[in-house]
Structure formats: structure tokens, C-alpha cells
Amino acid sequence: MSELVTGDAVVLGLRPARLPSRALAVALDLVVLWAVYLLLSVALMTAVGALDVAAVAAVQVGLLVLVLMGVPVAVETLSHGRSLGKVVCGLRVVRVDGGPVRFRHALVRGLLGFVEIQLTLGTVACVASLVSARGRRLGDVFAGTLVVRERIPVARTAAVPPAPPWLAGQLGGLDLSRVPDGLWLAVRQFLTRVGQLDPQVGESMGRRLAEDVAAATGTPPPPGVPAVGYLSGVLAERQAREARRAFGGAAAQAPGPSGPPQPPAAPVSGQAPPAAPAPPTAPAPPAPSAEPHGAGRRGPGGFVPPS
């Protein structure tokens, strides 16, 4: 079985965040940042009000850079990609290899984020996210990061997607004995988690697994069948064969003496009804005794009178 490693393997268990959820998280972060900036500005302006205009302007610029650029970088670095808005929306920033972000990633995102989000009112970030297949803005592209969803609604019991009903008749002749157990395990794990994967990742992995199963069986998949449907049908066929091997012989045996009586079979149309069973015959009378006449009449003491 070939290794299931693709270029999209950064979020095998997570989904990339889309524009609405990211916009909500950014809006919450900006509200908090600007509130902190205004409070600190009032406090500093009160403290440095006696300075000249140049000093006051320098303090304002330094405070602006510190709060609106430094705070997001520090928060993403210390929290490994979770700001307040992202925590509320269930999002997280990760590297393209799936690892946590570091200071250099957060710094690039923070610098470009100040330009494409705050200076342009989010226009550049929205356009870049809509163009990108994974909703990445320019800061994510240059930093090598990706915003993913951490909270994904998952069913209580992981179930395999059902196979198309019309596919069962086309898979009955497959030779499934040459498919290794490791490949069966990979197919089942993929089918139980396909709803949690990114659509592009799921499609790519499904094609790889379908090619491996087809190579093991020696029969290509039916044309026009998606990879998930083909894998579900093959897995259902294997389970059906195992059930027939396990329970087929026991189901064909008749019940023993302790089993319930079976009703008589209905007569087939065009045939005479079965003959009724013969009534039981009466027992034969006992044979006559071979003793001579009078031999049974004995007197007292065993004396037999003469005839």
C-alpha cells in the first residue's frame, strides 16, 4: 500500500476556516485592541500632557504600534495561534506543515495584517481570502500559515457512508482475498473520518485508496463511480461475504428435537396434495397356548384330576 501522504496533509483532521468565521474573529480582536488603545491613550495623554507636541505625537505613534501590532504578535506567539476572537469562533493559526506558529510567523502575519486589514479596512484581506482556495490572506501566504477550524461537529458514532444500491451487483465478482488487512483498516478509517476532512484532502485520499484497492483486486472501479462510493461498496461486499461465511452454514441446518415444530409445506399449484398418513394398526391378539386341554386346571396341592 502506498503511503497516504499528500501536499494537503496539513489539516487531515481539521477544515480551513472560511471568510465569515475569520471576519468575525478579526472583528472581535479589533474591538478589544481599539478599546485597549483608547484607554491607554487617555491615560498617557493625561500623564504627558505637559510635553511638547512632538513628544506627544511620538508617544501616540509608539502606543499605536505597540497595541495594534505588538499585542497581536505576542498573543499569537504565546497562545500558539489562538487570539481572543479565534478562541470564540473556534479557530486557530497553524503552519502549513501542521505545527504551531512561532514568533516569526506571528510577526509576518501581524505586520501584513496591519496593512491589509486595518489600513485598507479589510478590503485586501477579503479579496485575498476569496481568491485563495483555502481562504488565506496575504499574511498567511508570506508567513506560511493557515487558519483552521478547531471545533467541528462530529457524529456520536462514526459510521461508514452507505454505498450506492446499484453498485452491489457489480462488485460481487471481485477477488477480495488479495487485499491486505492494512489496506482494509485504512479504508475503514478513511470512510469513518471523510466527513471531518477538507473536501480536497478527502477527494485526494479517496482516489489513492481506490487505486490501491483496484490494484489489489485486479479489477478497475466501475466508470463514473466516486471514490468514496466505490470504497463503501467494496467494504460492504467484504462484510457481506464474511457474514455469509460465518452464519451461512448454521442457518441452513434444520432445528433439532428441541426446536419448534415446522408447519407443513403448502402444496404446489398443479400437483396433488400429499397423501394422509396411514392410521395406526391395532395390536395383534396373543397366540393360543400350546398346553393340553385341562392342563391349567390344578387342584389343591398340585393334584391334577384325570380327564
# chains A, B, ... in the order shown; residues from 1 in each chain; ligands from 1

call {"tool": "residues_around", "arguments": {"residues": "Pro223 in chain A", "least_positions_apart": "6", "cutoff": "12 Å", "atoms": "only C-alpha atoms", "output": "JSON, numbers by chain"}}
result
{"A": [167, 170, 229, 230]}

call {"tool": "residues_around", "arguments": {"residues": "range 212-222 of chain A", "least_positions_apart": "6", "cutoff": "6 Å", "atoms": "only C-alpha atoms", "output": "PyMOL selection string"}}
result
chain A and resi 175-176+178-179

call {"tool": "select_by_dssp", "arguments": {"residues": "range 72-144 of chain A", "states": "alpha helix (DSSP H)", "output": "PyMOL selection string"}}
result
chain A and resi 72-78+84-89+103-113+123-131+138-143

call {"tool": "select_by_dssp", "arguments": {"residues": "range 42-150 of chain A", "states": "strand (DSSP E or B)", "output": "list in words"}}
result
Leu91, Arg92, Val93, Val94, Arg95, Pro100, Thr145, Leu146, Val147, Val148 and Arg149 of chain A

call {"tool": "write_last_selection", "arguments": {"atoms": "N, CA and C atoms", "output": "mmCIF file, in the first residue's frame"}}
result
data_model
loop_
_atom_site.group_PDB
_atom_site.id
_atom_site.type_symbol
_atom_site.label_atom_id
_atom_site.label_comp_id
_atom_site.auth_asym_id
_atom_site.auth_seq_id
_atom_site.Cartn_x
_atom_site.Cartn_y
_atom_site.Cartn_z
ATOM 1 N N LEU A 91 -11.301 28.906 16.054
ATOM 2 C CA LEU A 91 -10.284 28.915 15.003
ATOM 3 C C LEU A 91 -8.895 28.863 15.621
ATOM 4 N N ARG A 92 -7.927 28.582 14.766
ATOM 5 C CA ARG A 92 -6.535 28.539 15.211
ATOM 6 C C ARG A 92 -5.625 28.719 14.010
ATOM 7 N N VAL A 93 -4.489 29.375 14.230
ATOM 8 C CA VAL A 93 -3.483 29.561 13.187
ATOM 9 C C VAL A 93 -2.430 28.479 13.341
ATOM 10 N N VAL A 94 -2.148 27.744 12.261
ATOM 11 C CA VAL A 94 -1.122 26.708 12.258
ATOM 12 C C VAL A 94 -0.193 26.935 11.073
ATOM 13 N N ARG A 95 0.955 26.293 11.104
ATOM 14 C CA ARG A 95 1.865 26.340 9.973
ATOM 15 C C ARG A 95 1.340 25.435 8.864
ATOM 16 N N PRO A 100 2.563 24.252 15.356
ATOM 17 C CA PRO A 100 2.161 25.546 15.919
ATOM 18 C C PRO A 100 3.023 26.681 15.368
ATOM 19 N N THR A 145 1.351 30.151 6.818
ATOM 20 C CA THR A 145 0.416 29.705 7.843
ATOM 21 C C THR A 145 -0.959 29.452 7.237
ATOM 22 N N LEU A 146 -1.834 28.904 8.054
ATOM 23 C CA LEU A 146 -3.189 28.569 7.631
ATOM 24 C C LEU A 146 -4.092 28.658 8.852
ATOM 25 N N VAL A 147 -5.245 29.268 8.680
ATOM 26 C CA VAL A 147 -6.235 29.354 9.752
ATOM 27 C C VAL A 147 -7.227 28.205 9.569
ATOM 28 N N VAL A 148 -7.365 27.377 10.600
ATOM 29 C CA VAL A 148 -8.210 26.187 10.513
ATOM 30 C C VAL A 148 -9.259 26.230 11.608
ATOM 31 N N ARG A 149 -10.247 25.380 11.445
ATOM 32 C CA ARG A 149 -11.310 25.240 12.438
ATOM 33 C C ARG A 149 -10.924 24.168 13.436
#

call {"tool": "residues_around", "arguments": {"residues": "Ala17 in chain A", "least_positions_apart": "4", "cutoff": "12 Å", "atoms": "only C-alpha atoms", "output": "VMD selection string"}}
result
chain A and resid 11 21 to 25 86 89 to 94 129 to 130 132 to 137 146 to 152 198

call {"tool": "atom_distance", "arguments": {"atom1": "CA of Val194 in chain A", "atom2": "CA of Gly233 in chain A"}}
result
15.1 Å

call {"tool": "residues_around", "arguments": {"residues": "Ile117 in chain A", "least_positions_apart": "6", "cutoff": "9 Å", "atoms": "only C-alpha atoms", "output": "PyMOL selection string"}}
result
chain A and resi 26+123-126

call {"tool": "residues_around", "arguments": {"residues": "range 55-69 of chain A", "least_positions_apart": "6", "cutoff": "12 Å", "atoms": "only C-alpha atoms", "output": "VMD selection string"}}
result
chain A and resid 29 to 49 75 to 76 106 to 115 117 to 119

call {"tool": "closest_residue", "arguments": {"among": "A:His105, A:Arg241, A:Arg193, A:Arg15", "to": "Gly81 in chain A", "atoms": "only C-alpha atoms"}}
result
A:His105

call {"tool": "residues_around", "arguments": {"residues": "Ala227 in chain A", "least_positions_apart": "3", "cutoff": "7 Å", "atoms": "only C-alpha atoms", "output": "ChimeraX atom specification"}}
result
/A:206-207,210,230-231

call {"tool": "atom_distance", "arguments": {"atom1": "CA of Val131 in chain A", "atom2": "CA of Gly85 in chain A"}}
result
23.1 Å

call {"tool": "residues_around", "arguments": {"residues": "Arg188 in chain A", "least_positions_apart": "3", "cutoff": "12 Å", "atoms": "only C-alpha atoms", "output": "list of chain:residue names"}}
result
A:Ala158, A:Ala159, A:Val160, A:Pro161, A:Asp181, A:Gly182, A:Leu183, A:Trp184, A:Leu185, A:Leu191, A:Thr192, A:Arg193, A:Val194, A:Gly206, A:Leu209, A:Val228, A:Leu231, A:Ser232, A:Gly233, A:Val234, A:Leu235, A:Ala236, A:Arg238, A:Gln239

call {"tool": "atom_distance", "arguments": {"atom1": "CA of Leu171 in chain A", "atom2": "CA of Arg244 in chain A"}}
result
15.6 Å
